[in-house]
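Trainee: Sharing final_8.cif here; it has mmCIF, N, CA and C atoms.
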data_target
#
loop_
_atom_site.group_PDB
_atom_site.id
_atom_site.type_symbol
_atom_site.label_atom_id
_atom_site.label_comp_id
_atom_site.auth_asym_id
_atom_site.auth_seq_id
_atom_site.Cartn_x
_atom_site.Cartn_y
_atom_site.Cartn_z
ATOM 1 N N MET P 1 100.798 40.865 126.474
ATOM 2 C CA MET P 1 99.811 40.071 127.188
ATOM 3 C C MET P 1 98.961 41.004 128.051
ATOM 4 N N ASN P 2 97.925 41.476 127.499
ATOM 5 C CA ASN P 2 97.109 42.413 128.239
ATOM 6 C C ASN P 2 95.969 41.763 128.983
ATOM 7 N N ASN P 3 95.433 40.707 128.458
ATOM 8 C CA ASN P 3 94.285 40.179 129.179
ATOM 9 C C ASN P 3 94.627 38.934 129.991
ATOM 10 N N LEU P 4 93.806 38.706 130.979
ATOM 11 C CA LEU P 4 94.047 37.628 131.945
ATOM 12 C C LEU P 4 94.081 36.253 131.290
ATOM 13 N N LYS P 5 93.218 36.044 130.312
ATOM 14 C CA LYS P 5 93.164 34.743 129.648
ATOM 15 C C LYS P 5 94.497 34.434 128.950
ATOM 16 N N GLU P 6 95.088 35.430 128.305
ATOM 17 C CA GLU P 6 96.380 35.240 127.646
ATOM 18 C C GLU P 6 97.480 34.941 128.661
ATOM 19 N N LYS P 7 97.471 35.661 129.775
ATOM 20 C CA LYS P 7 98.479 35.436 130.809
ATOM 21 C C LYS P 7 98.342 34.043 131.400
ATOM 22 N N ARG P 8 97.104 33.655 131.676
ATOM 23 C CA ARG P 8 96.877 32.330 132.250
ATOM 24 C C ARG P 8 97.326 31.240 131.283
ATOM 25 N N SER P 9 97.049 31.406 130.009
ATOM 26 C CA SER P 9 97.457 30.381 129.041
ATOM 27 C C SER P 9 98.975 30.334 128.887
ATOM 28 N N ALA P 10 99.653 31.427 129.162
ATOM 29 C CA ALA P 10 101.118 31.438 129.102
ATOM 30 C C ALA P 10 101.734 30.829 130.357
ATOM 31 N N MET P 11 101.102 30.999 131.497
ATOM 32 C CA MET P 11 101.665 30.520 132.750
ATOM 33 C C MET P 11 101.331 29.054 133.030
ATOM 34 N N SER P 12 100.241 28.567 132.502
ATOM 35 C CA SER P 12 99.839 27.183 132.752
ATOM 36 C C SER P 12 100.893 26.170 132.292
ATOM 37 N N PRO P 13 101.482 26.330 131.095
ATOM 38 C CA PRO P 13 102.536 25.378 130.700
ATOM 39 C C PRO P 13 103.761 25.430 131.618
ATOM 40 N N MET P 14 104.045 26.615 132.164
ATOM 41 C CA MET P 14 105.171 26.743 133.085
ATOM 42 C C MET P 14 104.898 25.917 134.346
ATOM 43 N N ILE P 15 103.692 25.964 134.838
ATOM 44 C CA ILE P 15 103.333 25.193 136.033
ATOM 45 C C ILE P 15 103.393 23.698 135.725
ATOM 46 N N ASP P 16 102.912 23.312 134.561
ATOM 47 C CA ASP P 16 102.989 21.905 134.154
ATOM 48 C C ASP P 16 104.448 21.443 134.055
ATOM 49 N N ASP P 17 105.297 22.305 133.508
ATOM 50 C CA ASP P 17 106.722 21.989 133.387
ATOM 51 C C ASP P 17 107.341 21.804 134.767
ATOM 52 N N TRP P 18 107.008 22.681 135.702
ATOM 53 C CA TRP P 18 107.528 22.559 137.069
ATOM 54 C C TRP P 18 107.082 21.233 137.683
ATOM 55 N N GLN P 19 105.799 20.892 137.532
ATOM 56 C CA GLN P 19 105.290 19.669 138.149
ATOM 57 C C GLN P 19 106.000 18.432 137.597
ATOM 58 N N SER P 20 106.293 18.438 136.314
ATOM 59 C CA SER P 20 106.962 17.269 135.730
ATOM 60 C C SER P 20 108.468 17.257 136.013
ATOM 61 N N SER P 21 109.002 18.384 136.479
ATOM 62 C CA SER P 21 110.444 18.467 136.727
ATOM 63 C C SER P 21 110.878 17.729 137.993
ATOM 64 N N GLY P 22 109.972 17.608 138.959
ATOM 65 C CA GLY P 22 110.315 16.966 140.219
ATOM 66 C C GLY P 22 111.111 17.865 141.157
ATOM 67 N N LYS P 23 111.250 19.129 140.801
ATOM 68 C CA LYS P 23 112.017 20.076 141.616
ATOM 69 C C LYS P 23 111.080 20.852 142.533
ATOM 70 N N SER P 24 111.690 21.447 143.555
ATOM 71 C CA SER P 24 110.900 22.325 144.415
ATOM 72 C C SER P 24 110.558 23.585 143.621
ATOM 73 N N LYS P 25 109.552 24.299 144.074
ATOM 74 C CA LYS P 25 109.176 25.545 143.399
ATOM 75 C C LYS P 25 110.342 26.521 143.408
ATOM 76 N N LYS P 26 111.004 26.613 144.540
ATOM 77 C CA LYS P 26 112.128 27.536 144.678
ATOM 78 C C LYS P 26 113.251 27.188 143.707
ATOM 79 N N GLN P 27 113.627 25.927 143.646
ATOM 80 C CA GLN P 27 114.708 25.485 142.755
ATOM 81 C C GLN P 27 114.331 25.711 141.298
ATOM 82 N N TYR P 28 113.103 25.398 140.943
ATOM 83 C CA TYR P 28 112.634 25.594 139.575
ATOM 84 C C TYR P 28 112.733 27.063 139.175
ATOM 85 N N CYS P 29 112.278 27.941 140.042
ATOM 86 C CA CYS P 29 112.317 29.374 139.757
ATOM 87 C C CYS P 29 113.750 29.867 139.600
ATOM 88 N N LEU P 30 114.631 29.400 140.474
ATOM 89 C CA LEU P 30 116.041 29.790 140.378
ATOM 90 C C LEU P 30 116.640 29.392 139.033
ATOM 91 N N GLU P 31 116.392 28.156 138.623
ATOM 92 C CA GLU P 31 116.978 27.652 137.384
ATOM 93 C C GLU P 31 116.394 28.318 136.141
ATOM 94 N N LYS P 32 115.124 28.688 136.200
ATOM 95 C CA LYS P 32 114.462 29.272 135.036
ATOM 96 C C LYS P 32 114.492 30.798 135.027
ATOM 97 N N GLY P 33 114.992 31.402 136.104
ATOM 98 C CA GLY P 33 115.045 32.860 136.171
ATOM 99 C C GLY P 33 113.677 33.494 136.360
ATOM 100 N N ILE P 34 112.812 32.787 137.050
ATOM 101 C CA ILE P 34 111.444 33.266 137.291
ATOM 102 C C ILE P 34 111.387 33.895 138.675
ATOM 103 N N ILE P 35 110.701 35.013 138.778
ATOM 104 C CA ILE P 35 110.512 35.642 140.077
ATOM 105 C C ILE P 35 109.597 34.738 140.903
ATOM 106 N N GLU P 36 110.100 34.321 142.046
ATOM 107 C CA GLU P 36 109.414 33.313 142.857
ATOM 108 C C GLU P 36 108.003 33.746 143.266
ATOM 109 N N THR P 37 107.837 35.001 143.638
ATOM 110 C CA THR P 37 106.505 35.463 144.050
ATOM 111 C C THR P 37 105.514 35.422 142.886
ATOM 112 N N LYS P 38 106.004 35.690 141.693
ATOM 113 C CA LYS P 38 105.140 35.621 140.503
ATOM 114 C C LYS P 38 104.710 34.177 140.262
ATOM 115 N N PHE P 39 105.663 33.251 140.417
ATOM 116 C CA PHE P 39 105.336 31.836 140.238
ATOM 117 C C PHE P 39 104.271 31.397 141.236
ATOM 118 N N TYR P 40 104.467 31.757 142.506
ATOM 119 C CA TYR P 40 103.494 31.377 143.531
ATOM 120 C C TYR P 40 102.134 31.991 143.256
ATOM 121 N N TYR P 41 102.096 33.214 142.758
ATOM 122 C CA TYR P 41 100.827 33.860 142.424
ATOM 123 C C TYR P 41 100.099 33.053 141.352
ATOM 124 N N TRP P 42 100.789 32.723 140.279
ATOM 125 C CA TRP P 42 100.141 31.996 139.193
ATOM 126 C C TRP P 42 99.828 30.559 139.578
ATOM 127 N N TYR P 43 100.652 29.982 140.438
ATOM 128 C CA TYR P 43 100.360 28.639 140.928
ATOM 129 C C TYR P 43 99.053 28.647 141.721
ATOM 130 N N SER P 44 98.886 29.641 142.588
ATOM 131 C CA SER P 44 97.656 29.723 143.386
ATOM 132 C C SER P 44 96.456 30.042 142.503
ATOM 133 N N ARG P 45 96.627 30.899 141.491
ATOM 134 C CA ARG P 45 95.533 31.220 140.570
ATOM 135 C C ARG P 45 95.139 29.986 139.772
ATOM 136 N N ASN P 46 96.119 29.195 139.368
ATOM 137 C CA ASN P 46 95.846 27.985 138.614
ATOM 138 C C ASN P 46 95.052 26.993 139.462
ATOM 139 N N ASN P 47 95.417 26.851 140.721
ATOM 140 C CA ASN P 47 94.697 25.948 141.620
ATOM 141 C C ASN P 47 93.299 26.451 141.917
ATOM 142 N N ASP P 48 93.123 27.765 142.032
ATOM 143 C CA ASP P 48 91.801 28.332 142.289
ATOM 144 C C ASP P 48 90.837 28.039 141.148
ATOM 145 N N THR P 49 91.312 28.138 139.911
ATOM 146 C CA THR P 49 90.432 27.914 138.769
ATOM 147 C C THR P 49 90.028 26.450 138.664
ATOM 148 N N GLU P 50 90.879 25.551 139.149
ATOM 149 C CA GLU P 50 90.535 24.130 139.097
ATOM 150 C C GLU P 50 89.460 23.773 140.126
ATOM 151 N N ARG P 51 89.363 24.541 141.199
ATOM 152 C CA ARG P 51 88.401 24.235 142.255
ATOM 153 C C ARG P 51 87.064 24.928 142.080
ATOM 154 N N ILE P 52 86.970 25.868 141.157
ATOM 155 C CA ILE P 52 85.729 26.595 140.958
ATOM 156 C C ILE P 52 84.743 25.692 140.237
ATOM 157 N N PRO P 53 83.583 25.457 140.858
ATOM 158 C CA PRO P 53 82.594 24.627 140.196
ATOM 159 C C PRO P 53 82.039 25.331 138.948
ATOM 160 N N ARG P 54 81.795 24.580 137.929
ATOM 161 C CA ARG P 54 81.275 25.134 136.694
ATOM 162 C C ARG P 54 79.776 24.884 136.624
ATOM 163 N N GLY P 55 79.066 25.805 136.027
ATOM 164 C CA GLY P 55 77.632 25.625 135.826
ATOM 165 C C GLY P 55 76.813 26.193 136.968
ATOM 166 N N PHE P 56 75.538 26.048 136.832
ATOM 167 C CA PHE P 56 74.583 26.582 137.815
ATOM 168 C C PHE P 56 74.359 25.589 138.940
ATOM 169 N N ILE P 57 74.395 26.101 140.165
ATOM 170 C CA ILE P 57 74.099 25.264 141.327
ATOM 171 C C ILE P 57 72.781 25.743 141.926
ATOM 172 N N PRO P 58 71.771 24.907 141.923
ATOM 173 C CA PRO P 58 70.446 25.339 142.443
ATOM 174 C C PRO P 58 70.461 25.566 143.937
#
Output the file's structure as structure tokens, nothing else.

Mentor:
Amino acid sequence: MNNLKEKRSAMSPMIDDWQSSGKSKKQYCLEKGIIETKFYYWYSRNNDTERIPRGFIP
């Protein structure tokens, strides 16, 4: 996974899985063997991309 788009597409399903699990981020990471700081990084990146307006703003 060298490029950002590939990494983001791999991490997005993990975030969706966490949200549907009903568990805390910490508990989810513990159970899945995910480094918690990495999860928080991708969670914040995922939220940032959702808030970025698309298109030209005059």

Trainee: Among the residues of range 6-57 of chain P, find those DSSP assigns to alpha helix (DSSP H) from the backbone and print them as an MDAnalysis selection string.

Mentor: chainID P and resid 6:21 25:32 36:51

Trainee: Could you work out how far CA of Tyr43 in chain P lies from atom C of Lys26 in chain P, giving the answer in Å with one decimal?

Mentor: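 Result for atom C of Lys26 in chain P versus CA of Tyr43 in chain P: 13.3 Å, one decimal.
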
Trainee: Choose the residue, out of P:Gly22, P:Lys32, P:Pro13, P:Gln27, that has the smallest atom-to-atom separation from Asn46 in chain P; count only C-alpha atoms.

Mentor: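 Among the listed residues, the smallest separation from Asn46 in chain P belongs to P:Pro13.
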
Trainee: When you draw a straight line from CA of Ile15 in chain P to atom C of Asn3 in chain P, how long is it in Å?

Mentor: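 CA of Ile15 in chain P sits 17.4 Å away from atom C of Asn3 in chain P.
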
Trainee: May I have the centre and edge lengths, in Å to one decimal, of an axis-aligned box around the listed atoms of range 38-43 of chain P with 5 Å added to every side, as lines of an AutoDock Vina configuration file?

Mentor:
center_x = 102.5
center_y = 32.2
center_z = 141.4
size_x = 17.0
size_y = 17.1
size_z = 14.3

Trainee: Do you have the CA of Gly33 in chain P-atom C of Asn47 in chain P distance handy?

Mentor: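 For CA of Gly33 in chain P relative to atom C of Asn47 in chain P, the distance reads 23.4 Å.
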
Trainee: So that I can look at just that part, could you write range 14-39 of chain P with N, CA, C and O atoms, as a PDB file, in the first residue's frame?

Mentor:
ATOM      1  N   MET P  14     -12.599  -0.519   8.047  1.00  0.00           N
ATOM      2  CA  MET P  14     -12.295  -0.772   9.453  1.00  0.00           C
ATOM      3  C   MET P  14     -13.065   0.221  10.330  1.00  0.00           C
ATOM      4  O   MET P  14     -13.642  -0.166  11.350  1.00  0.00           O
ATOM      5  N   ILE P  15     -13.115   1.459   9.923  1.00  0.00           N
ATOM      6  CA  ILE P  15     -13.843   2.476  10.688  1.00  0.00           C
ATOM      7  C   ILE P  15     -15.340   2.172  10.666  1.00  0.00           C
ATOM      8  O   ILE P  15     -16.020   2.278  11.691  1.00  0.00           O
ATOM      9  N   ASP P  16     -15.847   1.767   9.519  1.00  0.00           N
ATOM     10  CA  ASP P  16     -17.260   1.388   9.423  1.00  0.00           C
ATOM     11  C   ASP P  16     -17.571   0.197  10.338  1.00  0.00           C
ATOM     12  O   ASP P  16     -18.610   0.173  10.999  1.00  0.00           O
ATOM     13  N   ASP P  17     -16.661  -0.769  10.369  1.00  0.00           N
ATOM     14  CA  ASP P  17     -16.832  -1.942  11.228  1.00  0.00           C
ATOM     15  C   ASP P  17     -16.864  -1.524  12.692  1.00  0.00           C
ATOM     16  O   ASP P  17     -17.688  -2.011  13.465  1.00  0.00           O
ATOM     17  N   TRP P  18     -15.970  -0.629  13.086  1.00  0.00           N
ATOM     18  CA  TRP P  18     -15.951  -0.142  14.471  1.00  0.00           C
ATOM     19  C   TRP P  18     -17.276   0.542  14.803  1.00  0.00           C
ATOM     20  O   TRP P  18     -17.859   0.285  15.846  1.00  0.00           O
ATOM     21  N   GLN P  19     -17.759   1.406  13.904  1.00  0.00           N
ATOM     22  CA  GLN P  19     -18.987   2.144  14.187  1.00  0.00           C
ATOM     23  C   GLN P  19     -20.175   1.198  14.368  1.00  0.00           C
ATOM     24  O   GLN P  19     -21.029   1.435  15.211  1.00  0.00           O
ATOM     25  N   SER P  20     -20.218   0.142  13.582  1.00  0.00           N
ATOM     26  CA  SER P  20     -21.345  -0.790  13.705  1.00  0.00           C
ATOM     27  C   SER P  20     -21.180  -1.751  14.887  1.00  0.00           C
ATOM     28  O   SER P  20     -22.134  -2.409  15.283  1.00  0.00           O
ATOM     29  N   SER P  21     -19.976  -1.810  15.453  1.00  0.00           N
ATOM     30  CA  SER P  21     -19.727  -2.741  16.557  1.00  0.00           C
ATOM     31  C   SER P  21     -20.334  -2.278  17.880  1.00  0.00           C
ATOM     32  O   SER P  21     -20.606  -3.091  18.750  1.00  0.00           O
ATOM     33  N   GLY P  22     -20.490  -0.968  18.045  1.00  0.00           N
ATOM     34  CA  GLY P  22     -21.012  -0.436  19.294  1.00  0.00           C
ATOM     35  C   GLY P  22     -19.978  -0.396  20.413  1.00  0.00           C
ATOM     36  O   GLY P  22     -20.303  -0.122  21.560  1.00  0.00           O
ATOM     37  N   LYS P  23     -18.731  -0.682  20.085  1.00  0.00           N
ATOM     38  CA  LYS P  23     -17.659  -0.698  21.086  1.00  0.00           C
ATOM     39  C   LYS P  23     -16.930   0.640  21.090  1.00  0.00           C
ATOM     40  O   LYS P  23     -16.999   1.405  20.140  1.00  0.00           O
ATOM     41  N   SER P  24     -16.212   0.863  22.187  1.00  0.00           N
ATOM     42  CA  SER P  24     -15.369   2.056  22.230  1.00  0.00           C
ATOM     43  C   SER P  24     -14.205   1.850  21.263  1.00  0.00           C
ATOM     44  O   SER P  24     -13.888   0.721  20.880  1.00  0.00           O
ATOM     45  N   LYS P  25     -13.574   2.937  20.878  1.00  0.00           N
ATOM     46  CA  LYS P  25     -12.419   2.834  19.981  1.00  0.00           C
ATOM     47  C   LYS P  25     -11.327   1.993  20.623  1.00  0.00           C
ATOM     48  O   LYS P  25     -10.724   1.144  19.974  1.00  0.00           O
ATOM     49  N   LYS P  26     -11.096   2.228  21.896  1.00  0.00           N
ATOM     50  CA  LYS P  26     -10.052   1.500  22.615  1.00  0.00           C
ATOM     51  C   LYS P  26     -10.340   0.003  22.640  1.00  0.00           C
ATOM     52  O   LYS P  26      -9.463  -0.817  22.363  1.00  0.00           O
ATOM     53  N   GLN P  27     -11.555  -0.372  22.980  1.00  0.00           N
ATOM     54  CA  GLN P  27     -11.937  -1.788  23.051  1.00  0.00           C
ATOM     55  C   GLN P  27     -11.843  -2.440  21.677  1.00  0.00           C
ATOM     56  O   GLN P  27     -11.360  -3.562  21.544  1.00  0.00           O
ATOM     57  N   TYR P  28     -12.305  -1.749  20.657  1.00  0.00           N
ATOM     58  CA  TYR P  28     -12.246  -2.274  19.296  1.00  0.00           C
ATOM     59  C   TYR P  28     -10.802  -2.549  18.886  1.00  0.00           C
ATOM     60  O   TYR P  28     -10.493  -3.619  18.353  1.00  0.00           O
ATOM     61  N   CYS P  29      -9.924  -1.607  19.149  1.00  0.00           N
ATOM     62  CA  CYS P  29      -8.516  -1.765  18.793  1.00  0.00           C
ATOM     63  C   CYS P  29      -7.885  -2.935  19.537  1.00  0.00           C
ATOM     64  O   CYS P  29      -7.129  -3.712  18.949  1.00  0.00           O
ATOM     65  N   LEU P  30      -8.201  -3.056  20.819  1.00  0.00           N
ATOM     66  CA  LEU P  30      -7.673  -4.174  21.605  1.00  0.00           C
ATOM     67  C   LEU P  30      -8.089  -5.517  21.016  1.00  0.00           C
ATOM     68  O   LEU P  30      -7.271  -6.419  20.865  1.00  0.00           O
ATOM     69  N   GLU P  31      -9.366  -5.644  20.689  1.00  0.00           N
ATOM     70  CA  GLU P  31      -9.883  -6.914  20.185  1.00  0.00           C
ATOM     71  C   GLU P  31      -9.361  -7.250  18.791  1.00  0.00           C
ATOM     72  O   GLU P  31      -9.186  -8.419  18.462  1.00  0.00           O
ATOM     73  N   LYS P  32      -9.123  -6.232  17.977  1.00  0.00           N
ATOM     74  CA  LYS P  32      -8.686  -6.463  16.602  1.00  0.00           C
ATOM     75  C   LYS P  32      -7.169  -6.431  16.438  1.00  0.00           C
ATOM     76  O   LYS P  32      -6.657  -6.693  15.355  1.00  0.00           O
ATOM     77  N   GLY P  33      -6.450  -6.088  17.505  1.00  0.00           N
ATOM     78  CA  GLY P  33      -4.993  -6.027  17.421  1.00  0.00           C
ATOM     79  C   GLY P  33      -4.496  -4.840  16.614  1.00  0.00           C
ATOM     80  O   GLY P  33      -3.459  -4.918  15.960  1.00  0.00           O
ATOM     81  N   ILE P  34      -5.245  -3.762  16.663  1.00  0.00           N
ATOM     82  CA  ILE P  34      -4.899  -2.548  15.912  1.00  0.00           C
ATOM     83  C   ILE P  34      -4.194  -1.581  16.852  1.00  0.00           C
ATOM     84  O   ILE P  34      -4.602  -1.414  18.005  1.00  0.00           O
ATOM     85  N   ILE P  35      -3.151  -0.949  16.360  1.00  0.00           N
ATOM     86  CA  ILE P  35      -2.464   0.063  17.150  1.00  0.00           C
ATOM     87  C   ILE P  35      -3.406   1.258  17.295  1.00  0.00           C
ATOM     88  O   ILE P  35      -3.874   1.819  16.301  1.00  0.00           O
ATOM     89  N   GLU P  36      -3.696   1.601  18.533  1.00  0.00           N
ATOM     90  CA  GLU P  36      -4.718   2.609  18.823  1.00  0.00           C
ATOM     91  C   GLU P  36      -4.411   3.964  18.178  1.00  0.00           C
ATOM     92  O   GLU P  36      -5.301   4.610  17.640  1.00  0.00           O
ATOM     93  N   THR P  37      -3.159   4.381  18.209  1.00  0.00           N
ATOM     94  CA  THR P  37      -2.815   5.678  17.612  1.00  0.00           C
ATOM     95  C   THR P  37      -3.034   5.674  16.099  1.00  0.00           C
ATOM     96  O   THR P  37      -3.454   6.679  15.530  1.00  0.00           O
ATOM     97  N   LYS P  38      -2.791   4.538  15.478  1.00  0.00           N
ATOM     98  CA  LYS P  38      -3.024   4.419  14.028  1.00  0.00           C
ATOM     99  C   LYS P  38      -4.517   4.532  13.737  1.00  0.00           C
ATOM    100  O   LYS P  38      -4.933   5.186  12.787  1.00  0.00           O
ATOM    101  N   PHE P  39      -5.326   3.873  14.574  1.00  0.00           N
ATOM    102  CA  PHE P  39      -6.776   3.948  14.392  1.00  0.00           C
ATOM    103  C   PHE P  39      -7.262   5.388  14.515  1.00  0.00           C
ATOM    104  O   PHE P  39      -8.030   5.864  13.691  1.00  0.00           O
TER     105      PHE P  39
END
